[in-house]
file data_4.cif (mmCIF, C-alpha atoms)
data_data
#
loop_
_atom_site.label_atom_id
_atom_site.label_comp_id
_atom_site.auth_asym_id
_atom_site.auth_seq_id
_atom_site.Cartn_x
_atom_site.Cartn_y
_atom_site.Cartn_z
CA MET A 1 -42.37 6.68 4.64
CA PRO A 2 -40.64 3.51 3.54
CA ILE A 3 -39.07 3.48 0.12
CA PRO A 4 -40.64 0.96 -2.26
CA GLU A 5 -38.20 -1.72 -3.20
CA PRO A 6 -37.06 -1.33 -6.82
CA PRO A 7 -36.65 -4.48 -8.93
CA SER A 8 -32.88 -4.30 -8.70
CA GLN A 9 -33.08 -4.46 -4.90
CA ALA A 10 -35.24 -7.55 -5.04
CA ALA A 11 -32.76 -9.15 -7.42
CA ASP A 12 -29.87 -8.25 -5.13
CA ARG A 13 -31.68 -9.76 -2.20
CA SER A 14 -32.29 -13.02 -4.03
CA LEU A 15 -28.64 -13.13 -4.93
CA ILE A 16 -27.40 -12.47 -1.42
CA GLU A 17 -29.61 -15.27 -0.13
CA ALA A 18 -28.03 -17.62 -2.63
CA VAL A 19 -24.57 -16.34 -1.73
CA ALA A 20 -25.34 -17.00 1.91
CA ALA A 21 -25.98 -20.61 0.94
CA GLY A 22 -22.53 -20.76 -0.64
CA ASN A 23 -23.59 -20.31 -4.25
CA GLN A 24 -20.51 -19.08 -6.11
CA LYS A 25 -22.42 -18.40 -9.31
CA ALA A 26 -24.75 -16.05 -7.45
CA PHE A 27 -21.73 -14.38 -5.91
CA ALA A 28 -20.27 -13.83 -9.38
CA GLU A 29 -23.54 -12.29 -10.50
CA LEU A 30 -23.69 -10.07 -7.45
CA TYR A 31 -20.12 -9.02 -8.12
CA ASP A 32 -21.09 -8.07 -11.67
CA ARG A 33 -24.00 -6.01 -10.41
CA LEU A 34 -22.20 -4.17 -7.62
CA SER A 35 -18.53 -3.96 -8.52
CA GLY A 36 -18.87 -1.00 -10.88
CA PRO A 37 -20.28 1.53 -8.40
CA LEU A 38 -18.25 0.09 -5.54
CA HIS A 39 -15.09 0.37 -7.58
CA SER A 40 -15.94 3.98 -8.31
CA LEU A 41 -16.41 4.54 -4.58
CA CYS A 42 -12.99 3.00 -3.87
CA LEU A 43 -11.34 5.10 -6.55
CA ARG A 44 -12.97 8.26 -5.38
CA MET A 45 -12.03 7.82 -1.74
CA LEU A 46 -8.60 6.26 -2.20
CA GLY A 47 -7.43 7.97 -5.37
CA SER A 48 -5.25 5.04 -6.28
CA ALA A 49 -6.19 2.34 -8.75
CA GLU A 50 -4.06 -0.23 -6.96
CA GLU A 51 -5.47 0.52 -3.52
CA ALA A 52 -8.98 0.66 -4.95
CA GLU A 53 -8.59 -2.85 -6.31
CA ASP A 54 -7.26 -4.10 -2.98
CA ALA A 55 -10.08 -2.51 -1.04
CA LEU A 56 -12.70 -3.80 -3.45
CA GLN A 57 -11.34 -7.32 -3.29
CA GLU A 58 -11.30 -7.20 0.49
CA ALA A 59 -14.84 -5.87 0.54
CA PHE A 60 -16.11 -8.69 -1.65
CA MET A 61 -14.36 -11.22 0.55
CA VAL A 62 -16.27 -9.79 3.49
CA ILE A 63 -19.50 -9.88 1.49
CA TRP A 64 -18.88 -13.56 0.75
CA ARG A 65 -18.16 -14.40 4.37
CA ARG A 66 -20.86 -12.30 5.94
CA ALA A 67 -23.66 -12.92 3.49
CA PRO A 68 -25.42 -15.24 5.95
CA SER A 69 -25.62 -12.38 8.45
CA TYR A 70 -27.13 -9.86 6.02
CA ASP A 71 -30.30 -8.42 7.51
CA ALA A 72 -32.70 -6.48 5.32
CA GLN A 73 -33.50 -4.37 8.37
CA TYR A 74 -30.10 -2.76 7.91
CA GLY A 75 -30.90 -1.54 4.42
CA ALA A 76 -30.77 -2.70 0.84
CA VAL A 77 -28.05 -5.16 -0.18
CA PHE A 78 -26.38 -2.35 -2.08
CA THR A 79 -26.43 -0.19 1.06
CA TRP A 80 -24.89 -3.01 3.06
CA ALA A 81 -22.23 -3.57 0.40
CA VAL A 82 -21.44 0.15 0.34
CA HIS A 83 -21.06 0.10 4.11
CA LEU A 84 -18.68 -2.87 4.03
CA THR A 85 -16.69 -1.31 1.21
CA LYS A 86 -16.40 1.98 3.05
CA CYS A 87 -15.11 0.13 6.09
CA LYS A 88 -12.35 -1.37 3.97
CA ILE A 89 -11.59 1.97 2.35
CA ILE A 90 -11.37 3.63 5.74
CA ASP A 91 -9.02 0.87 6.90
CA HIS A 92 -6.78 1.71 3.96
CA LEU A 93 -7.00 5.44 4.57
CA ARG A 94 -6.23 5.13 8.23
CA SER A 95 -3.40 2.72 7.71
CA ARG A 96 -1.77 5.25 5.44
CA ASP A 97 -2.50 8.20 7.64
CA ARG A 98 -4.45 9.91 4.94
CA ARG A 99 -7.61 10.32 6.87
CA LEU A 100 -8.40 13.77 5.64
CA ARG A 101 -7.42 13.23 2.10
CA ILE A 102 -10.26 13.43 -0.32
CA VAL A 103 -9.53 12.70 -3.89
CA ALA A 104 -12.07 13.55 -6.45
CA VAL A 105 -12.03 11.53 -9.59
CA SER A 106 -13.02 12.98 -12.90
CA SER A 107 -16.69 13.01 -13.57
CA GLU A 108 -15.80 11.86 -17.06
CA GLY A 109 -16.50 8.18 -16.82
CA LYS A 110 -17.74 5.25 -18.72
CA PRO A 111 -21.43 4.66 -19.08
CA ALA A 112 -23.20 3.28 -16.06
CA GLU A 113 -24.30 0.19 -17.88
CA GLN A 114 -20.71 -0.95 -18.10
CA MET A 115 -20.84 -1.71 -14.40
CA ALA A 116 -22.41 -4.97 -15.34
CA ALA A 117 -20.23 -5.59 -18.37
CA ASN A 118 -19.01 -8.88 -16.99
CA GLY A 119 -22.42 -10.35 -16.51
CA GLY A 120 -25.99 -9.74 -15.55
CA ASP A 121 -28.93 -9.62 -17.85
CA ALA A 122 -29.98 -6.74 -20.03
CA VAL A 123 -32.96 -5.95 -17.86
CA SER A 124 -30.86 -5.49 -14.77
CA ARG A 125 -28.35 -3.36 -16.66
CA VAL A 126 -31.09 -1.09 -17.94
CA ASP A 127 -32.58 -0.99 -14.47
CA GLN A 128 -29.26 -0.01 -12.93
CA LYS A 129 -28.68 2.63 -15.56
CA GLU A 130 -32.11 4.11 -15.03
CA GLN A 131 -31.71 4.11 -11.29
CA ALA A 132 -28.31 5.80 -11.50
CA GLY A 133 -29.83 8.42 -13.77
CA ARG A 134 -32.69 9.01 -11.38
CA MET A 135 -30.34 9.40 -8.47
CA ARG A 136 -28.12 11.82 -10.37
CA GLN A 137 -31.19 13.89 -11.06
CA VAL A 138 -32.35 13.74 -7.45
CA VAL A 139 -28.97 14.74 -6.06
CA GLY A 140 -28.64 17.39 -8.75
CA GLU A 141 -31.85 18.98 -7.53
CA LEU A 142 -30.49 19.46 -4.03
CA PRO A 143 -29.31 22.97 -3.14
CA ALA A 144 -25.56 23.20 -3.63
CA GLU A 145 -24.85 23.72 0.07
CA GLN A 146 -26.76 20.54 0.91
CA SER A 147 -25.19 18.33 -1.73
CA GLU A 148 -21.77 19.66 -0.74
CA VAL A 149 -22.18 18.77 2.90
CA ILE A 150 -23.65 15.29 2.44
CA GLU A 151 -20.99 14.37 -0.12
CA LEU A 152 -18.32 15.60 2.24
CA ALA A 153 -19.83 13.61 5.10
CA PHE A 154 -20.26 10.48 3.00
CA TYR A 155 -16.93 10.40 1.19
CA SER A 156 -14.52 11.91 3.70
CA ASP A 157 -14.83 9.91 6.93
CA LEU A 158 -15.12 13.24 8.76
CA THR A 159 -17.38 13.75 11.76
CA HIS A 160 -19.93 16.54 11.72
CA HIS A 161 -17.69 18.52 14.08
CA GLU A 162 -14.83 18.21 11.60
CA ILE A 163 -17.06 19.09 8.68
CA SER A 164 -18.19 22.17 10.52
CA ALA A 165 -14.60 23.22 11.12
CA ARG A 166 -13.58 22.40 7.60
CA LEU A 167 -16.37 24.42 6.00
CA GLY A 168 -16.25 27.17 8.59
CA GLN A 169 -19.97 26.81 9.23
CA PRO A 170 -21.77 26.51 12.58
CA LEU A 171 -22.38 22.96 13.70
CA GLY A 172 -26.13 23.51 13.82
CA THR A 173 -26.11 24.64 10.19
CA ILE A 174 -24.19 21.57 9.11
CA LYS A 175 -26.52 19.22 10.94
CA ALA A 176 -29.60 20.90 9.57
CA ARG A 177 -28.30 20.79 6.00
CA ILE A 178 -27.47 17.12 6.29
CA ARG A 179 -30.87 16.33 7.74
CA ARG A 180 -32.75 18.24 5.08
CA ALA A 181 -30.65 16.75 2.29
CA LEU A 182 -31.23 13.17 3.39
CA LEU A 183 -34.93 13.75 3.93
CA LYS A 184 -35.20 15.06 0.38
CA LEU A 185 -33.17 12.18 -1.01
CA ARG A 186 -35.29 9.68 0.84
CA ASP A 187 -38.56 11.21 -0.28
CA ARG A 188 -37.49 11.67 -3.88
CA MET A 189 -36.07 8.19 -4.07
CA GLY A 190 -39.41 6.90 -2.94
CA LYS A 191 -41.24 8.89 -5.58
CA SER A 192 -38.79 8.03 -8.35
CA SER A 193 -38.99 4.32 -7.53
CA MET B 1 -43.01 10.63 16.79
CA ILE B 2 -39.48 11.42 15.75
CA SER B 3 -38.08 14.80 16.65
CA GLU B 4 -35.91 16.98 14.47
CA ASP B 5 -32.97 16.26 16.73
CA GLN B 6 -33.46 12.55 16.21
CA GLU B 7 -33.71 13.07 12.47
CA GLU B 8 -30.44 14.96 12.55
CA LEU B 9 -28.75 12.23 14.49
CA ALA B 10 -30.16 9.56 12.19
CA ALA B 11 -28.91 11.46 9.14
CA LEU B 12 -25.45 11.92 10.62
CA TYR B 13 -25.34 8.31 11.70
CA ALA B 14 -26.34 7.08 8.24
CA LEU B 15 -23.54 9.11 6.70
CA GLY B 16 -21.03 7.93 9.28
CA ALA B 17 -20.54 11.46 10.55
CA LEU B 18 -21.08 10.85 14.26
CA ASP B 19 -18.09 10.25 16.48
CA ALA B 20 -17.80 6.93 18.29
CA GLY B 21 -19.50 8.05 21.48
CA GLU B 22 -22.39 9.71 19.68
CA ALA B 23 -22.82 6.71 17.42
CA GLY B 24 -22.98 4.37 20.41
CA ALA B 25 -25.61 6.47 22.12
CA PHE B 26 -27.63 6.67 18.92
CA GLU B 27 -27.48 2.92 18.44
CA ARG B 28 -28.87 2.41 21.93
CA ALA B 29 -31.69 4.81 21.19
CA MET B 30 -32.34 3.12 17.87
CA ALA B 31 -32.49 -0.31 19.48
CA ALA B 32 -35.45 0.84 21.56
CA ASP B 33 -37.31 2.68 18.83
CA PRO B 34 -38.58 0.85 15.73
CA GLU B 35 -39.59 4.10 14.06
CA LEU B 36 -36.10 5.47 14.47
CA ARG B 37 -34.66 2.25 13.07
CA GLU B 38 -36.85 2.54 10.02
CA LEU B 39 -35.89 6.14 9.46
CA THR B 40 -32.22 5.27 9.81
CA ARG B 41 -32.60 2.43 7.35
CA ASP B 42 -34.16 4.81 4.81
CA PHE B 43 -31.39 7.34 5.41
CA ARG B 44 -28.76 4.65 4.92
CA ASP B 45 -30.32 3.67 1.62
CA ALA B 46 -30.50 7.32 0.59
CA ALA B 47 -26.87 7.91 1.54
CA ALA B 48 -25.67 4.78 -0.26
CA SER B 49 -27.45 5.93 -3.38
CA LEU B 50 -24.91 8.73 -3.61
CA VAL B 51 -22.48 6.11 -4.86
CA SER B 52 -24.62 5.39 -7.87
CA THR B 53 -24.70 9.04 -8.89
CA ALA B 54 -21.06 8.89 -9.88
CA PRO B 55 -20.23 7.29 -13.22
CA ALA B 56 -19.53 3.64 -12.58
CA THR B 57 -15.96 2.66 -13.30
CA PRO B 58 -15.84 -1.02 -14.13
CA ALA B 59 -13.32 -2.89 -12.06
CA PRO B 60 -10.57 -4.62 -14.04
CA ALA B 61 -11.48 -8.04 -15.38
CA ALA B 62 -8.42 -9.48 -13.66
CA LEU B 63 -9.82 -8.38 -10.32
CA ARG B 64 -13.04 -10.26 -10.97
CA ALA B 65 -11.08 -13.40 -11.70
CA ARG B 66 -9.02 -12.89 -8.56
CA VAL B 67 -12.07 -12.40 -6.37
CA LEU B 68 -13.86 -15.44 -7.74
CA ARG B 69 -10.71 -17.52 -7.43
CA ALA B 70 -10.36 -16.46 -3.81
CA ILE B 71 -13.75 -17.86 -2.84
CA ALA B 72 -13.33 -21.11 -4.72
CA PRO B 73 -12.18 -24.11 -2.68
CA PRO B 74 -8.69 -25.40 -3.46
CA GLU B 75 -8.66 -27.96 -6.21
CA PRO B 76 -6.64 -31.07 -5.44
CA ALA B 77 -5.38 -33.08 -8.39
CA ASN B 78 -7.72 -35.68 -9.84
CA VAL B 79 -10.58 -34.52 -7.66
CA VAL B 80 -14.02 -33.73 -8.92
CA ARG B 81 -14.83 -30.20 -7.75
CA MET B 82 -18.20 -29.60 -6.20
CA THR B 83 -19.97 -26.30 -5.93
CA PRO B 84 -21.61 -25.63 -2.57
CA ALA B 85 -25.08 -25.33 -4.06
CA TRP B 86 -25.15 -28.98 -4.92
CA ALA B 87 -22.40 -30.18 -2.67
CA PRO B 88 -24.53 -32.21 -0.30
CA TRP B 89 -24.97 -34.72 -3.10
CA ALA B 90 -21.70 -34.99 -4.83
CA ALA B 91 -21.76 -36.02 -8.42
CA ALA B 92 -18.48 -37.58 -9.28
CA ALA B 93 -17.93 -37.22 -13.02
CA THR B 94 -15.81 -39.35 -15.23
CA LEU B 95 -12.47 -40.11 -13.68
CA ALA B 96 -9.56 -41.70 -15.32
CA VAL B 97 -8.02 -43.81 -12.67
CA CYS B 98 -5.20 -46.15 -12.57
CA CYS B 99 -4.12 -47.27 -9.16
CA GLY B 100 -1.11 -49.45 -8.75
CA LEU B 101 -1.01 -49.67 -4.99
CA LEU B 102 -3.78 -52.16 -4.68
CA ALA B 103 -3.00 -53.76 -7.99
CA ALA B 104 0.33 -54.81 -6.55
CA ARG B 105 -1.46 -56.40 -3.64
CA GLU B 106 -3.47 -58.64 -5.85
CA GLY B 107 -0.77 -59.14 -8.42
CA HIS B 108 -3.01 -59.39 -11.46
CA LEU B 109 -5.34 -56.47 -11.10
CA ARG B 110 -5.48 -54.08 -13.96
CA ALA B 111 -6.52 -50.50 -13.56
CA GLU B 112 -9.33 -49.66 -15.90
CA VAL B 113 -11.22 -46.57 -16.75
CA ALA B 114 -14.94 -46.29 -16.64
CA GLY B 115 -17.29 -43.37 -16.65
CA MET B 116 -19.62 -43.35 -13.80
CA ARG B 117 -21.83 -41.09 -11.85
CA GLY B 118 -22.58 -41.19 -8.20
CA GLY B 119 -22.87 -39.13 -5.14
CA ALA B 120 -22.22 -38.94 -1.47
CA ARG B 121 -23.62 -36.85 1.29
CA LEU B 122 -21.80 -35.03 4.00
CA ASN B 123 -23.26 -32.68 6.51
CA ALA B 124 -20.70 -29.96 5.88
CA ALA B 125 -20.89 -26.20 5.90
CA PRO B 126 -19.87 -24.47 2.63
CA ASP B 127 -16.50 -23.40 4.04
CA ALA B 128 -15.76 -26.92 5.16
CA LEU B 129 -16.25 -28.17 1.63
CA ALA B 130 -12.83 -26.84 0.76
CA GLN B 131 -11.49 -29.79 2.71
CA ILE B 132 -13.58 -32.37 0.95
CA SER B 133 -12.37 -34.46 -1.94
CA PHE B 134 -14.38 -36.78 -4.10
CA CYS B 135 -13.42 -40.08 -5.54
CA SER B 136 -15.13 -42.56 -7.80
CA LEU B 137 -14.33 -46.23 -7.52
CA HIS B 138 -14.47 -48.33 -10.67
CA PRO B 139 -14.82 -52.01 -11.41
CA LEU B 140 -11.71 -54.02 -12.05
CA PRO B 141 -12.15 -55.16 -14.73
CA PRO B 142 -15.26 -53.39 -16.06
CA GLU B 143 -18.42 -55.42 -15.79
CA LYS B 144 -21.71 -55.23 -17.60
CA ALA B 145 -23.57 -54.58 -14.37
CA GLN B 146 -21.49 -51.47 -13.79
CA PRO B 147 -21.31 -51.43 -10.03
CA GLN B 148 -20.46 -47.99 -8.83
CA ALA B 149 -19.14 -46.34 -5.71
CA SER B 150 -18.57 -42.70 -4.93
CA VAL B 151 -16.64 -41.39 -1.98
CA ALA B 152 -16.62 -37.90 -0.49
CA TRP B 153 -13.62 -37.41 1.76
CA ASP B 154 -13.09 -34.63 4.31
CA ARG B 155 -9.37 -34.57 4.96
CA SER B 156 -9.53 -32.14 7.85
CA ARG B 157 -11.95 -34.27 9.82
CA ARG B 158 -10.82 -37.63 8.48
CA LEU B 159 -14.42 -38.31 7.73
CA GLY B 160 -15.98 -39.67 4.59
CA ALA B 161 -19.19 -40.75 2.97
CA VAL B 162 -19.63 -43.54 0.47
CA ARG B 163 -22.47 -44.47 -1.80
CA LEU B 164 -22.71 -47.81 -3.57
CA GLU B 165 -24.94 -48.62 -6.52
CA HIS B 166 -25.63 -51.64 -8.68
CA LEU B 167 -23.69 -54.09 -6.58
CA GLU B 168 -24.74 -57.70 -6.26
CA PRO B 169 -25.94 -58.48 -2.76
CA PRO B 170 -23.03 -60.27 -1.10
CA ALA B 171 -23.17 -63.99 -0.59
CA PRO B 172 -24.18 -65.23 2.85
CA GLY B 173 -21.27 -64.78 5.25
CA LYS B 174 -19.78 -62.00 3.18
CA ASP B 175 -19.81 -58.18 3.35
CA TYR B 176 -18.47 -55.34 1.29
CA GLN B 177 -15.64 -53.56 3.06
CA LEU B 178 -14.19 -50.16 2.22
CA TRP B 179 -10.46 -49.46 2.42
CA VAL B 180 -8.40 -46.29 2.48
CA VAL B 181 -4.98 -46.36 0.90
CA GLU B 182 -2.51 -43.92 2.40
CA GLU B 183 0.62 -42.58 0.85
CA GLY B 184 3.57 -44.67 1.98
CA ALA B 185 1.46 -46.90 4.20
CA PRO B 186 2.25 -50.60 4.01
CA LYS B 187 -1.38 -51.69 4.18
CA PRO B 188 -4.78 -50.24 3.39
CA VAL B 189 -6.74 -49.00 6.40
CA SER B 190 -10.23 -50.32 6.99
CA ALA B 191 -13.02 -47.79 6.60
CA GLY B 192 -15.63 -50.31 7.66
CA VAL B 193 -18.30 -52.51 6.23
CA VAL B 194 -20.85 -51.05 3.83
CA HIS B 195 -24.15 -52.87 3.68
CA VAL B 196 -26.23 -52.88 0.51
CA ASN B 197 -29.95 -53.39 0.07
CA PRO B 198 -31.52 -55.96 -2.29
CA GLU B 199 -31.18 -53.45 -5.14
CA GLY B 200 -27.45 -53.35 -4.54
CA ALA B 201 -27.37 -49.80 -3.14
CA GLY B 202 -25.85 -48.67 0.11
CA ARG B 203 -24.63 -45.59 1.89
CA ALA B 204 -22.42 -45.04 4.89
CA ILE B 205 -20.52 -42.37 6.73
CA PHE B 206 -17.11 -43.66 7.69
CA LYS B 207 -14.11 -42.72 9.77
CA PRO B 208 -11.12 -44.96 9.12
CA VAL B 209 -9.58 -46.81 11.98
CA GLY B 210 -5.92 -46.02 12.64
CA ALA B 211 -3.68 -43.01 12.37
CA GLY B 212 -2.76 -41.02 9.33
CA ALA B 213 -5.66 -41.77 7.09
CA GLY B 214 -6.14 -38.07 6.52
CA ASN B 215 -3.57 -38.34 3.77
CA ALA B 216 -5.72 -40.70 1.76
CA GLN B 217 -4.59 -41.45 -1.76
CA ALA B 218 -7.13 -43.99 -2.91
CA PHE B 219 -10.14 -46.00 -1.89
CA ALA B 220 -11.05 -49.59 -2.61
CA LEU B 221 -13.99 -51.86 -2.00
CA SER B 222 -13.48 -55.55 -1.44
CA LEU B 223 -15.63 -58.53 -0.58
CA GLU B 224 -14.65 -59.87 2.82
CA ASP B 225 -15.94 -62.09 5.56
CA ALA B 226 -19.12 -60.85 7.20
CA GLY B 227 -18.52 -58.08 9.69
CA GLY B 228 -15.24 -57.04 8.11
CA VAL B 229 -11.65 -58.04 8.57
CA PRO B 230 -8.61 -56.14 9.90
CA GLU B 231 -6.61 -56.86 6.74
CA GLY B 232 -8.10 -57.29 3.32
CA LYS B 233 -8.00 -60.79 1.90
CA GLY B 234 -10.91 -60.92 -0.47
CA PRO B 235 -11.14 -59.74 -4.08
CA ILE B 236 -10.93 -56.05 -4.84
CA LEU B 237 -14.10 -55.10 -6.72
CA LEU B 238 -13.88 -51.35 -7.05
CA MET B 239 -11.09 -48.88 -6.70
CA GLY B 240 -10.25 -45.27 -7.37
CA LYS B 241 -7.81 -42.64 -6.26
CA LEU B 242 -8.15 -39.01 -5.27
#
call {"tool": "encode", "arguments": {"input": "data_4.cif", "output": "structure tokens"}}
result
Amino acid sequence: MPIPEPPSQAADRSLIEAVAAGNQKAFAELYDRLSGPLHSLCLRMLGSAEEAEDALQEAFMVIWRRAPSYDAQYGAVFTWAVHLTKCKIIDHLRSRDRRLRIVAVSSEGKPAEQMAANGGDAVSRVDQKEQAGRMRQVVGELPAEQSEVIELAFYSDLTHHEISARLGQPLGTIKARIRRALLKLRDRMGKSS
Amino acid sequence: MISEDQEELAALYALGALDAGEAGAFERAMAADPELRELTRDFRDAAASLVSTAPATPAPAALRARVLRAIAPPEPANVVRMTPAWAPWAAAATLAVCCGLLAAREGHLRAEVAGMRGGARLNAAPDALAQISFCSLHPLPPEKAQPQASVAWDRSRRLGAVRLEHLEPPAPGKDYQLWVVEEGAPKPVSAGVVHVNPEGAGRAIFKPVGAGAGNAQAFALSLEDAGGVPEGKGPILLMGKL
């Protein structure tokens, strides 16, 4: 069941098309829309403000260069940007031999709408805030063992074999939890959109 | 129909939790199965949404400036910057120019300032625009008719484009000729003849003859014998520097 495209995804797609044509203003707007959550991702995985900034800058350079090759078949623009950012984060982690290090940042943060503090219109900020709230609710509704395992898989750069060893759970259990968790996320995202 | 095993693999793949060999095998399977591709796409979107569940931490403002600066083309002195969105037609804004190189050649030329607008077209990719400079050429001295010329100059390829507007059609046996002035060069280098239509407008892509013109400092337009001349002898009508 495909997930309906929320307005923010359509806006991101318009922006990435403009960026692909070399539009720097569109790139600035896309930066304003995406940099907040991507910066949080960098901070969470790297645990260092300085490294997070480096990784984020590198990620946006890749976004700028590769915008013409973005393919909606891959996923939403945000998904693609997350993927590119994670690649840069993993480069940093591996270069520092901290592959298994997972640093959790405080859940005490600034409001989600500040992610677009440098730009973007009010509608998109409200849209982003609402979407973040919906996703928090959706993830919060997952059973603890499912949310634990998908967060570990997503943020740690561990394989499922390593996750299994780390949690001391059978591989089949880990795979089943991950599958069920993502199916629920997908379905609930679709409904909440 | 997608099996549970495939769903598991798609979920692990979307989270980046497969090892390299497993990921490769899954990608091959995905390439042959549109339904599996769609499921994986949905799983990727679902996994990426985890990022938005954490409180967003705005990146420092200085980082934004750094990122935007990094994608901007370098800005040479006295050059009108063009953004890629409208780069194909360059709009050269007001330039204050005063060029002594060619003034010395004529002896009595005075550099004047005039606001003008114009454009030039180059078939250049956005990245290549970093190498392109723009130059407006102004009448010496200013005239009521306000003839205008705009030059877009790609240093890396030694290739330029010129657009002329509001020029008088040249007298029989005469042509407008464009010149490139190089730093330290004894003479201007010919960039060729530019023909104008009865309305006094003309466009041309040019590549200067001779070595070293990549280091162009200024451009000038003169009225010469028809077909152009190897060394300028006629009056300089327009000039401007990068």
call {"tool": "residues_around", "arguments": {"input": "data_4.cif", "residues": "region 196-208 of chain B", "least_positions_apart": "6", "cutoff": "7 Å", "atoms": "all atoms listed in the file", "output": "CSV table (one decimal) with C-alpha atoms, in the coordinates of the input"}}
result
chain,number,residue,atom,x,y,z
B,158,ARG,CA,-10.8,-37.6,8.5
B,159,LEU,CA,-14.4,-38.3,7.7
B,160,GLY,CA,-16.0,-39.7,4.6
B,161,ALA,CA,-19.2,-40.8,3.0
B,162,VAL,CA,-19.6,-43.5,0.5
B,163,ARG,CA,-22.5,-44.5,-1.8
B,164,LEU,CA,-22.7,-47.8,-3.6
B,165,GLU,CA,-24.9,-48.6,-6.5
B,166,HIS,CA,-25.6,-51.6,-8.7
B,167,LEU,CA,-23.7,-54.1,-6.6
B,168,GLU,CA,-24.7,-57.7,-6.3
B,169,PRO,CA,-25.9,-58.5,-2.8
B,189,VAL,CA,-6.7,-49.0,6.4
B,190,SER,CA,-10.2,-50.3,7.0
call {"tool": "atom_distance", "arguments": {"input": "data_4.cif", "atom1": "CA of Val181 (chain B)", "atom2": "CA of Ala220 (chain B)"}}
result
7.7 Å
call {"tool": "residues_around", "arguments": {"input": "data_4.cif", "residues": "Val229 (chain B)", "least_positions_apart": "4", "cutoff": "12 Å", "atoms": "only C-alpha atoms", "output": "ChimeraX atom specification"}}
result
/B:174-179,188-193,209,222-225,233-234
call {"tool": "closest_residue", "arguments": {"input": "data_4.cif", "among": "A:Arg166, A:Arg66, A:Lys175, A:Arg13", "to": "chain B", "atoms": "all atoms listed in the file"}}
result
A:Lys175
call {"tool": "closest_residue", "arguments": {"input": "data_4.cif", "among": "B:Phe26, B:Tyr13, B:Trp153, B:Phe43", "to": "chain A", "atoms": "all atoms listed in the file"}}
result
B:Phe43
call {"tool": "closest_residue", "arguments": {"input": "data_4.cif", "among": "A:Ala59, A:Ser147, A:Asp32, A:Phe154", "to": "Ala61 (chain B)", "atoms": "only C-alpha atoms"}}
result
A:Asp32
call {"tool": "atom_distance", "arguments": {"input": "data_4.cif", "atom1": "CA of Arg64 (chain B)", "atom2": "CA of Asn23 (chain A)"}}
result
16.0 Å
call {"tool": "closest_residue", "arguments": {"input": "data_4.cif", "among": "B:Ala54, B:Ala25, B:Leu63, B:Ala10", "to": "Asp42 (chain B)", "atoms": "only C-alpha atoms"}}
result
B:Ala10
call {"tool": "interface_residues", "arguments": {"input": "data_4.cif", "of": "chain B", "to": "chain A", "cutoff": "9 Å", "atoms": "only C-alpha atoms", "output": "PyMOL selection string"}}
result
chain B and resi 4+7-12+14-19+37-61+63-64+66-68+70-72+83-86+125-127
call {"tool": "write_last_selection", "arguments": {"input": "data_4.cif", "atoms": "C-alpha atoms", "output": "compact mmCIF listing (two decimals), in the frame of the given file"}}
result
# COMPACT_ATOMS: atom_id res chain seq x y z
CA GLU B 4 -35.91 16.98 14.47
CA GLU B 7 -33.71 13.07 12.47
CA GLU B 8 -30.44 14.96 12.55
CA LEU B 9 -28.75 12.23 14.49
CA ALA B 10 -30.16 9.56 12.19
CA ALA B 11 -28.91 11.46 9.14
CA LEU B 12 -25.45 11.92 10.62
CA ALA B 14 -26.34 7.08 8.24
CA LEU B 15 -23.54 9.11 6.70
CA GLY B 16 -21.03 7.93 9.28
CA ALA B 17 -20.54 11.46 10.55
CA LEU B 18 -21.08 10.85 14.26
CA ASP B 19 -18.09 10.25 16.48
CA ARG B 37 -34.66 2.25 13.07
CA GLU B 38 -36.85 2.54 10.02
CA LEU B 39 -35.89 6.14 9.46
CA THR B 40 -32.22 5.27 9.81
CA ARG B 41 -32.60 2.43 7.35
CA ASP B 42 -34.16 4.81 4.81
CA PHE B 43 -31.39 7.34 5.41
CA ARG B 44 -28.76 4.65 4.92
CA ASP B 45 -30.32 3.67 1.62
CA ALA B 46 -30.50 7.32 0.59
CA ALA B 47 -26.87 7.91 1.54
CA ALA B 48 -25.67 4.78 -0.26
CA SER B 49 -27.45 5.93 -3.38
CA LEU B 50 -24.91 8.73 -3.61
CA VAL B 51 -22.48 6.11 -4.86
CA SER B 52 -24.62 5.39 -7.87
CA THR B 53 -24.70 9.04 -8.89
CA ALA B 54 -21.06 8.89 -9.88
CA PRO B 55 -20.23 7.29 -13.22
CA ALA B 56 -19.53 3.64 -12.58
CA THR B 57 -15.96 2.66 -13.30
CA PRO B 58 -15.84 -1.02 -14.13
CA ALA B 59 -13.32 -2.89 -12.06
CA PRO B 60 -10.57 -4.62 -14.04
CA ALA B 61 -11.48 -8.04 -15.38
CA LEU B 63 -9.82 -8.38 -10.32
CA ARG B 64 -13.04 -10.26 -10.97
CA ARG B 66 -9.02 -12.89 -8.56
CA VAL B 67 -12.07 -12.40 -6.37
CA LEU B 68 -13.86 -15.44 -7.74
CA ALA B 70 -10.36 -16.46 -3.81
CA ILE B 71 -13.75 -17.86 -2.84
CA ALA B 72 -13.33 -21.11 -4.72
CA THR B 83 -19.97 -26.30 -5.93
CA PRO B 84 -21.61 -25.63 -2.57
CA ALA B 85 -25.08 -25.33 -4.06
CA TRP B 86 -25.15 -28.98 -4.92
CA ALA B 125 -20.89 -26.20 5.90
CA PRO B 126 -19.87 -24.47 2.63
CA ASP B 127 -16.50 -23.40 4.04
call {"tool": "atom_distance", "arguments": {"input": "data_4.cif", "atom1": "CA of Leu36 (chain B)", "atom2": "CA of Glu22 (chain B)"}}
result
15.3 Å
call {"tool": "closest_residue", "arguments": {"input": "data_4.cif", "among": "A:Tyr70, A:Thr85, A:Leu15, A:Thr173", "to": "Gln146 (chain A)", "atoms": "all atoms listed in the file"}}
result
A:Thr173
